[in-house]
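Peer 1: I am sharing start-v8.csv, which consists of CSV, C-alpha atoms:
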```
chain,number,residue,atom,x,y,z
A,1,MET,CA,33.9,24.0,-9.6
A,2,ILE,CA,32.7,21.0,-7.8
A,3,GLU,CA,30.6,21.6,-4.7
A,4,THR,CA,31.7,20.3,-1.4
A,5,LYS,CA,28.5,18.2,-0.9
A,6,THR,CA,29.2,16.3,-4.1
A,7,ILE,CA,32.6,15.3,-2.7
A,8,LEU,CA,31.0,14.3,0.6
A,9,ILE,CA,28.3,12.2,-1.2
A,10,CYS,CA,31.0,10.5,-3.3
A,11,ALA,CA,33.1,9.8,-0.2
A,12,GLY,CA,30.2,8.3,1.7
A,13,LEU,CA,29.0,6.3,-1.2
A,14,GLY,CA,32.5,4.9,-1.7
A,15,LEU,CA,32.8,4.1,2.0
A,16,PHE,CA,29.5,2.3,1.9
A,17,LEU,CA,30.4,0.3,-1.3
A,18,MET,CA,33.7,-0.8,0.3
A,19,MET,CA,31.8,-2.0,3.4
A,20,VAL,CA,29.8,-4.5,1.2
A,21,PRO,CA,32.6,-7.0,0.6
A,22,VAL,CA,33.4,-7.1,4.4
A,23,ILE,CA,29.8,-8.4,4.9
A,24,TYR,CA,30.8,-11.4,2.8
A,25,ARG,CA,33.4,-12.2,5.5
A,26,ILE,CA,30.7,-11.8,8.2
A,27,ILE,CA,28.5,-14.4,6.5
A,28,LYS,CA,31.2,-16.8,5.2
A,29,GLY,CA,33.9,-16.5,7.9
A,30,PRO,CA,35.1,-19.9,9.0
A,31,THR,CA,35.8,-19.0,12.6
A,32,ALA,CA,33.7,-16.9,14.9
A,33,ILE,CA,36.6,-14.4,15.5
A,34,ASP,CA,36.7,-13.7,11.8
A,35,ARG,CA,33.1,-12.5,12.0
A,36,ILE,CA,33.9,-10.3,15.0
A,37,VAL,CA,36.9,-8.7,13.2
A,38,ALA,CA,34.7,-7.9,10.2
A,39,VAL,CA,31.9,-6.5,12.5
A,40,ASN,CA,34.6,-4.4,14.2
A,41,VAL,CA,35.8,-3.0,10.8
A,42,ILE,CA,32.2,-2.1,9.8
A,43,GLY,CA,31.5,-0.5,13.2
A,44,THR,CA,34.6,1.7,12.9
A,45,LYS,CA,33.6,2.8,9.4
A,46,THR,CA,30.1,3.5,10.6
A,47,ALA,CA,31.4,6.1,13.0
A,48,VAL,CA,33.2,7.8,10.0
A,49,LEU,CA,30.0,7.5,7.9
A,50,LEU,CA,28.0,9.2,10.7
A,51,ILE,CA,30.3,12.3,10.5
A,52,ILE,CA,30.0,12.4,6.7
A,53,ILE,CA,26.2,12.2,7.0
A,54,GLY,CA,26.3,15.0,9.6
A,55,ALA,CA,28.4,17.2,7.2
A,56,LEU,CA,25.8,16.6,4.5
A,57,PHE,CA,23.0,17.7,6.7
A,58,ASP,CA,25.0,20.8,8.0
A,59,ASN,CA,24.6,19.4,11.5
A,60,VAL,CA,27.9,18.0,12.4
A,61,SER,CA,27.7,19.2,16.0
A,62,MET,CA,24.9,16.8,16.7
A,63,PHE,CA,26.2,13.8,14.7
A,64,VAL,CA,29.7,13.9,16.2
A,65,ASP,CA,28.4,12.9,19.6
A,66,PHE,CA,26.7,9.9,18.0
A,67,ALA,CA,30.0,9.0,16.4
A,68,ILE,CA,31.9,9.2,19.7
A,69,ALA,CA,29.3,6.9,21.4
A,70,TYR,CA,29.4,4.5,18.5
A,71,ALA,CA,33.2,4.2,18.5
A,72,ALA,CA,33.3,3.7,22.3
A,73,LEU,CA,30.6,1.0,22.2
A,74,ASN,CA,32.2,-0.7,19.3
A,75,PHE,CA,35.5,-1.0,21.3
A,76,LEU,CA,33.6,-2.3,24.3
A,77,GLY,CA,31.8,-4.9,22.2
A,78,SER,CA,35.0,-6.3,20.7
A,79,LEU,CA,36.7,-6.3,24.1
A,80,ALA,CA,33.8,-8.3,25.6
A,81,ALA,CA,33.8,-10.7,22.7
A,82,SER,CA,37.5,-11.3,22.9
A,83,ARG,CA,37.3,-12.0,26.7
A,84,TYR,CA,34.4,-14.4,26.0
A,85,PHE,CA,36.1,-16.3,23.3
A,86,ASN,CA,39.3,-16.5,25.3
A,87,ARG,CA,37.4,-18.7,27.8
A,88,THR,CA,35.0,-20.8,25.8
A,89,ARG,CA,36.9,-21.5,22.6
A,90,PRO,CA,34.0,-21.9,20.2
A,91,ALA,CA,36.1,-20.8,17.2
A,92,TYR,CA,35.4,-23.7,15.0
A,93,GLY,CA,31.9,-24.6,16.2
A,94,HIS,CA,29.3,-23.9,18.8
A,95,GLU,CA,30.5,-26.4,21.5
A,96,SER,CA,32.2,-25.0,24.5
A,97,THR,CA,34.5,-26.6,27.1
A,98,GLY,CA,32.4,-25.3,29.9
A,99,GLY,CA,34.9,-22.7,31.0
A,100,LYS,CA,37.6,-25.3,31.7
A,101,ASN,CA,40.2,-23.4,29.7
B,1,MET,CA,41.8,29.8,1.0
B,2,GLY,CA,38.6,27.8,0.6
B,3,LEU,CA,40.0,26.1,-2.4
B,4,LEU,CA,43.2,25.2,-0.6
B,5,ILE,CA,41.2,23.7,2.3
B,6,ASP,CA,39.0,21.8,-0.1
B,7,ILE,CA,42.1,20.4,-1.9
B,8,ILE,CA,43.7,19.3,1.3
B,9,SER,CA,40.6,17.6,2.7
B,10,VAL,CA,39.9,15.9,-0.6
B,11,LEU,CA,43.4,14.5,-0.6
B,12,LEU,CA,43.1,13.2,2.9
B,13,ILE,CA,39.7,11.7,2.4
B,14,SER,CA,40.6,10.0,-0.9
B,15,SER,CA,43.8,8.6,0.5
B,16,GLY,CA,41.8,7.2,3.4
B,17,LEU,CA,39.4,5.6,1.0
B,18,VAL,CA,42.3,4.0,-0.8
B,19,PHE,CA,43.6,2.5,2.5
B,20,PHE,CA,40.1,1.3,3.3
B,21,LEU,CA,39.9,-0.3,-0.1
B,22,GLY,CA,43.1,-2.2,0.8
B,23,ALA,CA,41.7,-3.2,4.1
B,24,SER,CA,38.4,-4.5,2.7
B,25,ILE,CA,40.1,-6.5,-0.1
B,26,GLY,CA,42.5,-7.9,2.5
B,27,VAL,CA,39.7,-9.0,4.8
B,28,VAL,CA,38.0,-10.8,2.0
B,29,ARG,CA,40.9,-12.2,0.1
B,30,PHE,CA,43.6,-13.3,2.6
B,31,PRO,CA,43.8,-17.0,3.3
B,32,ASP,CA,44.1,-17.0,7.1
B,33,PHE,CA,42.7,-15.6,10.3
B,34,TYR,CA,46.0,-13.9,11.3
B,35,THR,CA,46.6,-12.3,7.9
B,36,ARG,CA,43.0,-11.0,7.9
B,37,MET,CA,43.6,-9.5,11.3
B,38,HIS,CA,46.7,-7.8,9.9
B,39,ALA,CA,44.8,-6.2,7.0
B,40,ALA,CA,41.8,-5.2,9.2
B,41,GLY,CA,43.8,-3.7,12.0
B,42,LYS,CA,46.2,-1.6,10.0
B,43,GLY,CA,44.1,-0.5,7.1
B,44,ASP,CA,41.1,0.3,9.2
B,45,THR,CA,43.0,2.4,11.7
B,46,LEU,CA,44.9,4.5,9.2
B,47,SER,CA,42.0,5.1,6.9
B,48,THR,CA,39.8,6.2,9.8
B,49,ILE,CA,42.4,8.6,11.0
B,50,LEU,CA,42.9,10.1,7.5
B,51,ILE,CA,39.2,10.5,6.8
B,52,MET,CA,38.6,12.0,10.2
B,53,SER,CA,41.4,14.5,9.7
B,54,GLY,CA,39.9,15.4,6.3
B,55,MET,CA,36.5,15.9,7.8
B,56,ALA,CA,37.9,18.0,10.6
B,57,ILE,CA,39.6,20.3,8.1
B,58,GLN,CA,36.3,20.5,6.2
B,59,VAL,CA,34.4,21.4,9.3
B,60,ILE,CA,36.9,24.0,10.5
B,61,SER,CA,36.7,25.9,7.2
B,62,ASP,CA,33.6,27.8,8.4
B,63,PHE,CA,35.7,29.8,10.9
B,64,GLU,CA,32.9,30.0,13.5
B,65,GLY,CA,33.2,29.5,17.2
B,66,ILE,CA,31.4,26.2,17.5
B,67,SER,CA,33.1,24.6,14.5
B,68,PHE,CA,36.5,24.6,16.3
B,69,LEU,CA,34.8,22.6,19.1
B,70,VAL,CA,33.4,20.2,16.6
B,71,ALA,CA,36.7,19.8,14.9
B,72,ILE,CA,38.4,19.0,18.2
B,73,LYS,CA,35.7,16.4,18.9
B,74,ILE,CA,36.3,14.8,15.5
B,75,LEU,CA,40.0,14.7,16.2
B,76,ALA,CA,39.2,13.2,19.6
B,77,ILE,CA,37.3,10.4,17.8
B,78,ALA,CA,40.4,9.8,15.6
B,79,VAL,CA,42.6,9.6,18.7
B,80,LEU,CA,40.1,7.3,20.4
B,81,ILE,CA,40.1,4.9,17.4
B,82,MET,CA,43.9,5.2,17.2
B,83,LEU,CA,44.1,3.9,20.8
B,84,THR,CA,41.3,1.3,20.8
B,85,SER,CA,41.6,-0.4,17.4
B,86,PRO,CA,45.1,-1.8,17.9
B,87,THR,CA,44.0,-2.9,21.4
B,88,SER,CA,41.0,-4.8,20.2
B,89,THR,CA,43.1,-6.3,17.4
B,90,HIS,CA,45.7,-7.5,19.9
B,91,LEU,CA,43.0,-9.0,22.2
B,92,LEU,CA,41.1,-10.7,19.4
B,93,MET,CA,44.4,-12.1,18.0
B,94,LYS,CA,45.3,-13.4,21.4
B,95,ALA,CA,41.8,-15.0,21.8
B,96,GLY,CA,42.2,-16.7,18.4
B,97,TYR,CA,45.7,-17.9,19.3
B,98,ASP,CA,44.4,-19.4,22.6
B,99,ASP,CA,41.6,-21.0,20.6
B,100,GLY,CA,44.2,-22.9,18.6
B,101,ILE,CA,43.6,-21.4,15.2
B,102,VAL,CA,46.3,-22.7,12.9
B,103,PRO,CA,48.1,-20.3,10.6
B,104,VAL,CA,48.6,-21.2,7.0
B,105,SER,CA,52.1,-22.6,6.6
B,106,ASN,CA,54.0,-25.2,4.7
B,107,ASN,CA,54.6,-27.1,7.9
B,108,LYS,CA,52.0,-29.9,7.7
B,109,LYS,CA,52.7,-31.1,11.2
B,110,ALA,CA,51.0,-27.9,12.7
B,111,LYS,CA,47.6,-28.9,14.0
B,112,ILE,CA,45.2,-27.9,16.8
B,113,ASN,CA,46.2,-29.4,20.0
B,114,ASP,CA,43.7,-30.2,22.7
B,115,ILE,CA,44.6,-27.5,25.2
B,116,GLY,CA,44.9,-24.7,22.7
B,117,GLY,CA,47.8,-22.3,22.6
B,118,PRO,CA,51.4,-22.9,21.6
B,119,PHE,CA,50.9,-25.3,18.7
B,120,LEU,CA,54.1,-24.1,17.0
B,121,GLU,CA,56.3,-25.0,19.9
B,122,GLU,CA,54.8,-28.5,19.9
B,123,SER,CA,55.6,-29.0,16.2
B,124,VAL,CA,59.2,-27.7,16.8
B,125,SER,CA,59.7,-30.1,19.7
B,126,ASP,CA,58.3,-32.9,17.5
B,127,LYS,CA,61.0,-32.1,14.9
B,128,SER,CA,63.8,-32.0,17.5
B,129,GLU,CA,62.6,-35.4,19.0
B,130,ALA,CA,62.6,-36.9,15.5
B,131,LYS,CA,66.1,-35.7,15.0
B,132,LYS,CA,67.2,-37.3,18.3
B,133,LYS,CA,65.6,-40.6,17.3
B,134,VAL,CA,67.5,-40.5,14.0
B,135,LYS,CA,70.8,-39.9,15.8
B,136,LYS,CA,70.2,-42.8,18.2
```
Mind turning the file's structure into structure tokens?

Peer 2:
Amino acid sequence: MIETKTILICAGLGLFLMMVPVIYRIIKGPTAIDRIVAVNVIGTKTAVLLIIIGALFDNVSMFVDFAIAYAALNFLGSLAASRYFNRTRPAYGHESTGGKN
Amino acid sequence: MGLLIDIISVLLISSGLVFFLGASIGVVRFPDFYTRMHAAGKGDTLSTILIMSGMAIQVISDFEGISFLVAIKILAIAVLIMLTSPTSTHLLMKAGYDDGIVPVSNNKKAKINDIGGPFLEESVSDKSEAKKKVKK
């Protein structure tokens, strides 16, 4: 009989190992919005990973609040970034049009 | 009962991991900004919901008073992500489209125009103008 914590450790480790190739897209990504999308994916998965860590420590009731805050902040961050890139168009470089568009 | 709960939660968590594997491979391997958005938006949302449901079932198996509240909070995170992840995907896609990011296509006339925005309509109108010139 496999213990529950072994399953949780395997799930968390698998989740972390699958987050590693997304970091490649953050470093390499040709446009700035590619990087934001990859950061958004990793942020969503970090909220999941926080719950798994809480279940490992037998303290989910504390970690679930962290996860709620992390998910909400992640959404706000991507929202602000999308509004910003809608105005300044620095997708292919760092130059901006000075808010003309 | 405990074994049944374990089996259900392991099934949910492992299927969520499979979907996240698809999402991460898609984010790395797809050739284009829009296709990467497609992989990230769908796979990420579904895998998050599945893993959260599995963890909620795992937590609720204690049958205590507080664990029901924690399970409801976990499901609330799942609902929050189910609402917010497609919204942010839509907004980032719109920002990229207004930036003038060109999708991968066989149409070699598609290019970034100066204003940003509807580059596809421009190439289509170019084609129709070329046809008119040929007719004349």

Peer 1: Report as a Markdown table the residues of chain A within 9 Å of chain B, each with its shortest atom pair and distance in Å (one decimal), using only C-alpha atoms, ordered by chain and increasing residue number.

Peer 2:
```
| residue | atom | partner | partner_atom | distance |
| --- | --- | --- | --- | --- |
| A:Thr4 | CA | B:Asp6 | CA | 7.6 |
| A:Ile7 | CA | B:Val10 | CA | 7.6 |
| A:Ala11 | CA | B:Ile13 | CA | 7.3 |
| A:Gly14 | CA | B:Leu17 | CA | 7.4 |
| A:Leu15 | CA | B:Leu17 | CA | 6.8 |
| A:Met18 | CA | B:Leu21 | CA | 6.2 |
| A:Met19 | CA | B:Ser24 | CA | 7.1 |
| A:Val20 | CA | B:Ser24 | CA | 8.7 |
| A:Pro21 | CA | B:Ser24 | CA | 6.7 |
| A:Val22 | CA | B:Ser24 | CA | 5.9 |
| A:Tyr24 | CA | B:Val28 | CA | 7.3 |
| A:Arg25 | CA | B:Val28 | CA | 5.9 |
| A:Pro30 | CA | B:Phe33 | CA | 8.8 |
| A:Thr31 | CA | B:Phe33 | CA | 8.0 |
| A:Ile33 | CA | B:Gly96 | CA | 6.7 |
| A:Asp34 | CA | B:Phe33 | CA | 6.5 |
| A:Ile36 | CA | B:Leu92 | CA | 8.4 |
| A:Val37 | CA | B:Met37 | CA | 7.0 |
| A:Ala38 | CA | B:Val27 | CA | 7.4 |
| A:Asn40 | CA | B:Ser85 | CA | 8.7 |
| A:Val41 | CA | B:Asp44 | CA | 6.4 |
| A:Thr44 | CA | B:Thr48 | CA | 7.5 |
| A:Lys45 | CA | B:Thr48 | CA | 7.1 |
| A:Ala47 | CA | B:Ile77 | CA | 8.7 |
| A:Val48 | CA | B:Thr48 | CA | 6.8 |
| A:Ile51 | CA | B:Met55 | CA | 7.7 |
| A:Ile52 | CA | B:Met55 | CA | 7.5 |
| A:Ala55 | CA | B:Val59 | CA | 7.6 |
| A:Val60 | CA | B:Val70 | CA | 7.3 |
| A:Ser61 | CA | B:Val70 | CA | 5.8 |
| A:Val64 | CA | B:Ile74 | CA | 6.7 |
| A:Asp65 | CA | B:Lys73 | CA | 8.1 |
| A:Ala67 | CA | B:Ile77 | CA | 7.6 |
| A:Ile68 | CA | B:Ile77 | CA | 5.8 |
| A:Ala71 | CA | B:Ile81 | CA | 7.0 |
| A:Ala72 | CA | B:Leu80 | CA | 7.9 |
| A:Phe75 | CA | B:Thr84 | CA | 6.3 |
| A:Leu76 | CA | B:Ser88 | CA | 8.8 |
| A:Ser78 | CA | B:Ser88 | CA | 6.2 |
| A:Leu79 | CA | B:Ser88 | CA | 6.0 |
| A:Ala81 | CA | B:Leu92 | CA | 8.0 |
| A:Ser82 | CA | B:Leu92 | CA | 5.1 |
| A:Arg83 | CA | B:Ala95 | CA | 7.3 |
| A:Tyr84 | CA | B:Ala95 | CA | 8.5 |
| A:Phe85 | CA | B:Ala95 | CA | 6.0 |
| A:Asn86 | CA | B:Ala95 | CA | 4.6 |
| A:Arg87 | CA | B:Ala95 | CA | 8.3 |
| A:Thr88 | CA | B:Asp99 | CA | 8.4 |
| A:Arg89 | CA | B:Asp99 | CA | 5.1 |
| A:Pro90 | CA | B:Asp99 | CA | 7.7 |
| A:Ala91 | CA | B:Asp99 | CA | 6.5 |
| A:Tyr92 | CA | B:Ile101 | CA | 8.5 |
| A:Asn101 | CA | B:Ile115 | CA | 7.5 |
```

Peer 1: I need the chosen residues saved as a tab-separated table (two decimals), in the frame of the given file, with C-alpha atoms.

Peer 2:
```
chain	number	residue	atom	x	y	z
A	4	THR	CA	31.70	20.30	-1.40
A	7	ILE	CA	32.60	15.30	-2.70
A	11	ALA	CA	33.10	9.80	-0.20
A	14	GLY	CA	32.50	4.90	-1.70
A	15	LEU	CA	32.80	4.10	2.00
A	18	MET	CA	33.70	-0.80	0.30
A	19	MET	CA	31.80	-2.00	3.40
A	20	VAL	CA	29.80	-4.50	1.20
A	21	PRO	CA	32.60	-7.00	0.60
A	22	VAL	CA	33.40	-7.10	4.40
A	24	TYR	CA	30.80	-11.40	2.80
A	25	ARG	CA	33.40	-12.20	5.50
A	30	PRO	CA	35.10	-19.90	9.00
A	31	THR	CA	35.80	-19.00	12.60
A	33	ILE	CA	36.60	-14.40	15.50
A	34	ASP	CA	36.70	-13.70	11.80
A	36	ILE	CA	33.90	-10.30	15.00
A	37	VAL	CA	36.90	-8.70	13.20
A	38	ALA	CA	34.70	-7.90	10.20
A	40	ASN	CA	34.60	-4.40	14.20
A	41	VAL	CA	35.80	-3.00	10.80
A	44	THR	CA	34.60	1.70	12.90
A	45	LYS	CA	33.60	2.80	9.40
A	47	ALA	CA	31.40	6.10	13.00
A	48	VAL	CA	33.20	7.80	10.00
A	51	ILE	CA	30.30	12.30	10.50
A	52	ILE	CA	30.00	12.40	6.70
A	55	ALA	CA	28.40	17.20	7.20
A	60	VAL	CA	27.90	18.00	12.40
A	61	SER	CA	27.70	19.20	16.00
A	64	VAL	CA	29.70	13.90	16.20
A	65	ASP	CA	28.40	12.90	19.60
A	67	ALA	CA	30.00	9.00	16.40
A	68	ILE	CA	31.90	9.20	19.70
A	71	ALA	CA	33.20	4.20	18.50
A	72	ALA	CA	33.30	3.70	22.30
A	75	PHE	CA	35.50	-1.00	21.30
A	76	LEU	CA	33.60	-2.30	24.30
A	78	SER	CA	35.00	-6.30	20.70
A	79	LEU	CA	36.70	-6.30	24.10
A	81	ALA	CA	33.80	-10.70	22.70
A	82	SER	CA	37.50	-11.30	22.90
A	83	ARG	CA	37.30	-12.00	26.70
A	84	TYR	CA	34.40	-14.40	26.00
A	85	PHE	CA	36.10	-16.30	23.30
A	86	ASN	CA	39.30	-16.50	25.30
A	87	ARG	CA	37.40	-18.70	27.80
A	88	THR	CA	35.00	-20.80	25.80
A	89	ARG	CA	36.90	-21.50	22.60
A	90	PRO	CA	34.00	-21.90	20.20
A	91	ALA	CA	36.10	-20.80	17.20
A	92	TYR	CA	35.40	-23.70	15.00
A	101	ASN	CA	40.20	-23.40	29.70
```

Peer 1: Quick check, in Å to one decimal: how far apart do atom CA of Ser61 of chain B and atom CA of Met1 of chain B lie?

Peer 2: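 Computing the Euclidean distance for atom CA of Ser61 of chain B and atom CA of Met1 of chain B yields 8.9 Å.
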
Peer 1: So the first atom is atom CA of Gly12 of chain A and the second is atom CA of Ala32 of chain A; what is the distance between them in Å, to one decimal place?

Peer 2: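 Going from atom CA of Gly12 of chain A over to atom CA of Ala32 of chain A covers 28.7 Å.
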
Peer 1: Which distance in Å separates atom CA of Leu12 of chain B and atom CA of Asn74 of chain A, to one decimal?

Peer 2: 24.1 Å

Peer 1: Between A:Val39, A:Glu3, A:Thr46, A:Ile27, which one has atoms that come closest to Gly2 of chain B, using all atoms listed in the file?

Peer 2: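 So, comparing all the options, the nearest one is A:Glu3.
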
Peer 1: Excluding same-chain residues fewer than 3 positions from Phe66 of chain A, what lies within 8 Å of it counting all atoms listed in the file, as a PyMOL selection string?

Peer 2: chain A and resi 47+50+62-63+69-70
